[in-house]
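In what follows, a structure is listed as structure tokens, so that the remarks can point back to it.
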Amino acid sequence: MNILKVKTKHEMSCLAADIMAAQIIKKPDSVLGLATGETPIEMYDNVAKRNIDFSRVRTVNLDEYVGLDGANENSYRYFMDTNFFSKLNIKKENTNLPCGTATDLDAECARYNALLESIGPRDIQLLGIGLNGHVGFCEPNTEFVPNTSVVSLTESTIKANSRFYDDISLVPKQALTMGIRQIMDAKHILLIANGPAKVEIVEKAFYGKITPAVPASVLQLHPNVTVIVAEN
Ligand code: F6R
């Protein structure tokens, strides 16, 4: 595990953008695993400004809220379209997220599992980290859940995500998320984290015990992980 410590979110975003850009330049038909949240927004913007050819790139996102469709501005489809895809020459049909409004959520998990299988290992999987150590929406648990599943979000995650809503009661309580085995299948994992609030969990996840109670700790077992942590 390569842990790079920088001072500012700006430095973290530039460094992460350099890594993602280099991946696509090296392999124009790269498969990218992508994350949402506040942490990667500047990185996405930085990558988009480089005018890299995304016409052959395919993407798979980690997660989506149950009950929100792509037109809902709190959905992760909306987030990705707005913050990244709309700024690139990527083909919409090459971008994939779980569908939060599927009527049969188990069938949607099966569809996403099959999609991940057919698309093959991602060249890079971008991750953020939750204050409780979640990656994707794989919440603290008694076991590592391997494949895509429907999860109930913890109080801590609902509280953290309420910053994007007028009222905490509006935050979805469930999500669809890629599983830990699927995250670990990526060839290279790039995790970014910034700010004083993330210091403690980064320490616990990457220098502490490997346990499903801190899902990100499993990354210690992956052979090719880059963590970029910014103080601010
Ligand atoms: C979102 C995701 C989450 C976030 C995490 C950190 O797709 O997978 O694991 O990366 O909750 O969120 P921010 O960046 O908002 O602190």
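By convention in this document, the chains of the structure tokens carry letters A, B, ... by their order, each chain's residues are numbered from 1, and ligands are numbered from 1 in the order they are shown.
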Can you tell me, as a list in words, what residues are no more than 9 Å from segment 140-151 of chain A when counting only C-alpha atoms, ignoring any on the same chain fewer than 4 positions away?
Asp63, Val66, Leu105, Asp106, Glu108, Cys109, Ala110, Tyr112, Asn113, Asn132, Gly133, His134, Lys173, Gln174, Ala175, Leu176, Thr177, Met178, Gly179, Ile180, Arg181, Gln182, Ile183, Thr211, Pro212, Ala213, Val214, Pro215 and Val218 of chain A
So that I can check the surroundings of segment 83-90 of chain A, please list as an MDAnalysis selection string every protein, DNA and RNA residue that reaches within 7 Å of it, counting only C-alpha atoms and ignoring chain neighbours fewer than 3 positions away.
chainID A and resid 41 44:45 48 53:55 57 79:80
Show me which residues sit within 8 Å of ligand 1 when counting only C-alpha atoms and all ligand atoms, and put them as a list in words.
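These are the residues that qualify: Leu34, Ala35, Thr36, Gly37, Glu38, Thr39, Pro40, Asn61, Leu62, Asp63, Glu64, Tyr76, Leu127, Gly128, Ile129, Gly130, Leu131, His134, Val135, Gly136, Phe137, Cys138, Thr157, Ala160, Asn161 and Ala193 of chain A.
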DSSP on the backbone, helix (DSSP H, G or I) only: what residues of segment 132-162 of chain A does that give? Format it as a PyMOL selection string.
chain A and resi 155-162
Determine which residues of chain A DSSP labels as strand (DSSP E or B) from the backbone of this structure, then write them out as a ChimeraX atom specification.
/A:2-6,31-34,58-61,63-65,95-96,124-127,135,138,149-152,174-177,189-194,211,214,225-230
Test item: residues at most 12 Å from segment 9-19 of chain A, only C-alpha atoms, excluding those fewer than 5 positions along its chain, as a PyMOL selection string:
chain A and resi 3-4+24-26+32+38-50+52+123-128+188-196+226-232
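The spacing separating atom CA of Ser152 of chain A from atom CA of Pro172 of chain A amounts to 9.2 Å.
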When you look at Leu115 of chain A with a cut-off of 9 Å (counting only C-alpha atoms), what residues show up, excluding the ones that are within fewer than 5 positions of it in the same chain? I need them as a list in words.
Val60, Asn96, Ala110 and Gly120 of chain A
Length of the atom CA of Glu73 of chain A to atom CA of Val171 of chain A vector [Å]:
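Answer for the atom CA of Glu73 of chain A to atom CA of Val171 of chain A separation: 12.3 Å.
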Hey, can you check how far atom CA of Thr82 of chain A sits from atom CA of Asp69 of chain A?
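Going from atom CA of Thr82 of chain A over to atom CA of Asp69 of chain A, I get 14.2 Å.
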